[in-house]
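Worksheet: one structure, shown below.
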Amino acid sequence: MHRQTVQSSALQSIGYDAQTHTLELEFKEHSGVWQYFGFKPSAYKKFIKSESLGNFFVTKIKGKYKEKKVG
């Protein structure tokens, strides 16, 4: 999945596949790459437009979607 670099203290890059509703996040500080499943396009738009990607992740994504470490 293609990811784009983002300005965030927690995240290095973000990728999204709208057909499979899969969000892919590359974390800084050796946390690796994770995929989150069932992430709808409307949620992705809110995520990338949020004031803080890290805060959005902690409050709206972490623990709320099926996840898998891929790298």
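Scheme for the structure tokens: letters A, B, ... for chains in order shown; per-chain residue numbers from 1; ligand numbers from 1 in order shown.
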
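Running DSSP on the backbone and keeping only helix (DSSP H, G or I), the residues of chain A that qualify are Pro41, Ser42, Ala43, Tyr44, Lys45, Lys46, Phe47, Ile48, Lys49, Leu53, Gly54, Asn55, Phe56, Phe57, Val58, Thr59, Lys60 and Ile61 of chain A.
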
Atoms to include: C-alpha atoms. Write the selected residues as a CSV table (one decimal), in the first residue's frame.
chain,number,residue,atom,x,y,z
A,41,PRO,CA,-13.8,6.6,3.8
A,42,SER,CA,-15.7,9.1,5.9
A,43,ALA,CA,-13.6,8.2,8.9
A,44,TYR,CA,-10.4,8.5,6.9
A,45,LYS,CA,-11.3,12.0,5.7
A,46,LYS,CA,-11.9,13.1,9.3
A,47,PHE,CA,-8.6,11.5,10.4
A,48,ILE,CA,-6.5,13.2,7.8
A,49,LYS,CA,-8.2,16.6,8.4
A,53,LEU,CA,-3.3,12.8,14.0
A,54,GLY,CA,-1.8,11.2,17.1
A,55,ASN,CA,-4.7,12.3,19.3
A,56,PHE,CA,-7.3,11.1,16.7
A,57,PHE,CA,-5.5,7.8,16.6
A,58,VAL,CA,-5.6,7.3,20.4
A,59,THR,CA,-9.2,8.5,20.8
A,60,LYS,CA,-10.9,7.2,17.7
A,61,ILE,CA,-8.9,4.3,16.2

Write out as a PyMOL selection string the residues lying within 6 Å of stretch 6-21 of chain A, counting only C-alpha atoms and excluding same-chain residues fewer than 6 positions away.
chain A and resi 27-28+38-40+54

If you keep N, CA and C atoms, can you produce a file of those selected residues as a PDB file, in the first residue's frame?
ATOM      1  N   PHE A  27       4.302   4.031  12.297  1.00  0.00           N
ATOM      2  CA  PHE A  27       4.570   4.775  13.518  1.00  0.00           C
ATOM      3  C   PHE A  27       6.050   5.105  13.636  1.00  0.00           C
ATOM      4  N   LYS A  28       6.342   6.187  14.320  1.00  0.00           N
ATOM      5  CA  LYS A  28       7.719   6.548  14.630  1.00  0.00           C
ATOM      6  C   LYS A  28       8.169   5.740  15.848  1.00  0.00           C
ATOM      7  N   GLY A  38     -11.832  -2.187   8.231  1.00  0.00           N
ATOM      8  CA  GLY A  38     -13.191  -1.685   8.389  1.00  0.00           C
ATOM      9  C   GLY A  38     -13.229  -0.187   8.609  1.00  0.00           C
ATOM     10  N   PHE A  39     -12.195   0.513   8.149  1.00  0.00           N
ATOM     11  CA  PHE A  39     -12.068   1.963   8.341  1.00  0.00           C
ATOM     12  C   PHE A  39     -12.705   2.671   7.138  1.00  0.00           C
ATOM     13  N   LYS A  40     -13.896   3.204   7.337  1.00  0.00           N
ATOM     14  CA  LYS A  40     -14.668   3.778   6.233  1.00  0.00           C
ATOM     15  C   LYS A  40     -14.048   5.060   5.685  1.00  0.00           C
ATOM     16  N   GLY A  54      -2.097  12.086  15.989  1.00  0.00           N
ATOM     17  CA  GLY A  54      -1.824  11.208  17.128  1.00  0.00           C
ATOM     18  C   GLY A  54      -2.989  11.138  18.097  1.00  0.00           C
TER      19      GLY A  54
END

Ranking A:Glu51, A:Val70, A:Thr22, A:Gln4 by minimum distance to A:Tyr36 and counting only C-alpha atoms, which one comes first?
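Closest residue, counting only C-alpha atoms: A:Thr22.
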
DSSP-assigned strand (DSSP E) among stretch 5-65 of chain A, expressed as a ChimeraX atom specification:
/A:5,11-17,22-27,33-37

Residue selection dump (N, CA and C atoms) as an mmCIF file, in the first residue's frame:
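After the write, selection-v1.cif holds the following:
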data_model
loop_
_atom_site.group_PDB
_atom_site.id
_atom_site.type_symbol
_atom_site.label_atom_id
_atom_site.label_comp_id
_atom_site.auth_asym_id
_atom_site.auth_seq_id
_atom_site.Cartn_x
_atom_site.Cartn_y
_atom_site.Cartn_z
ATOM 1 N N THR A 5 3.926 10.607 3.624
ATOM 2 C CA THR A 5 4.537 11.131 4.835
ATOM 3 C C THR A 5 3.643 12.219 5.416
ATOM 4 N N LEU A 11 3.256 9.662 14.110
ATOM 5 C CA LEU A 11 3.163 8.909 12.857
ATOM 6 C C LEU A 11 4.162 9.397 11.820
ATOM 7 N N GLN A 12 4.731 8.438 11.093
ATOM 8 C CA GLN A 12 5.660 8.753 10.008
ATOM 9 C C GLN A 12 4.906 8.891 8.681
ATOM 10 N N SER A 13 3.979 7.934 8.421
ATOM 11 C CA SER A 13 3.233 7.958 7.164
ATOM 12 C C SER A 13 1.891 7.266 7.324
ATOM 13 N N ILE A 14 0.985 7.593 6.372
ATOM 14 C CA ILE A 14 -0.381 7.068 6.383
ATOM 15 C C ILE A 14 -0.738 6.597 4.980
ATOM 16 N N GLY A 15 -1.379 5.434 4.905
ATOM 17 C CA GLY A 15 -1.900 4.931 3.641
ATOM 18 C C GLY A 15 -3.346 4.507 3.836
ATOM 19 N N TYR A 16 -4.102 4.506 2.739
ATOM 20 C CA TYR A 16 -5.509 4.103 2.837
ATOM 21 C C TYR A 16 -5.958 3.461 1.538
ATOM 22 N N ASP A 17 -6.672 2.352 1.656
ATOM 23 C CA ASP A 17 -7.280 1.680 0.511
ATOM 24 C C ASP A 17 -8.790 1.766 0.682
ATOM 25 N N THR A 22 -9.104 -0.284 4.338
ATOM 26 C CA THR A 22 -7.940 -0.587 5.163
ATOM 27 C C THR A 22 -7.082 0.657 5.343
ATOM 28 N N LEU A 23 -6.825 0.986 6.590
ATOM 29 C CA LEU A 23 -5.944 2.092 6.952
ATOM 30 C C LEU A 23 -4.597 1.494 7.333
ATOM 31 N N GLU A 24 -3.512 2.084 6.826
ATOM 32 C CA GLU A 24 -2.172 1.613 7.166
ATOM 33 C C GLU A 24 -1.386 2.765 7.760
ATOM 34 N N LEU A 25 -0.845 2.549 8.937
ATOM 35 C CA LEU A 25 -0.105 3.584 9.649
ATOM 36 C C LEU A 25 1.305 3.113 9.946
ATOM 37 N N GLU A 26 2.283 3.976 9.631
ATOM 38 C CA GLU A 26 3.669 3.728 9.997
ATOM 39 C C GLU A 26 3.979 4.644 11.171
ATOM 40 N N PHE A 27 4.302 4.031 12.297
ATOM 41 C CA PHE A 27 4.570 4.775 13.518
ATOM 42 C C PHE A 27 6.050 5.105 13.636
ATOM 43 N N VAL A 33 4.698 -0.861 11.271
ATOM 44 C CA VAL A 33 3.580 -0.564 10.377
ATOM 45 C C VAL A 33 2.395 -1.447 10.768
ATOM 46 N N TRP A 34 1.238 -0.816 10.920
ATOM 47 C CA TRP A 34 0.022 -1.519 11.321
ATOM 48 C C TRP A 34 -1.098 -1.224 10.339
ATOM 49 N N GLN A 35 -1.959 -2.221 10.129
ATOM 50 C CA GLN A 35 -3.159 -2.025 9.324
ATOM 51 C C GLN A 35 -4.389 -2.137 10.217
ATOM 52 N N TYR A 36 -5.373 -1.309 9.896
ATOM 53 C CA TYR A 36 -6.639 -1.270 10.631
ATOM 54 C C TYR A 36 -7.751 -1.502 9.621
ATOM 55 N N PHE A 37 -8.642 -2.442 9.933
ATOM 56 C CA PHE A 37 -9.639 -2.912 8.976
ATOM 57 C C PHE A 37 -11.039 -2.391 9.287
#
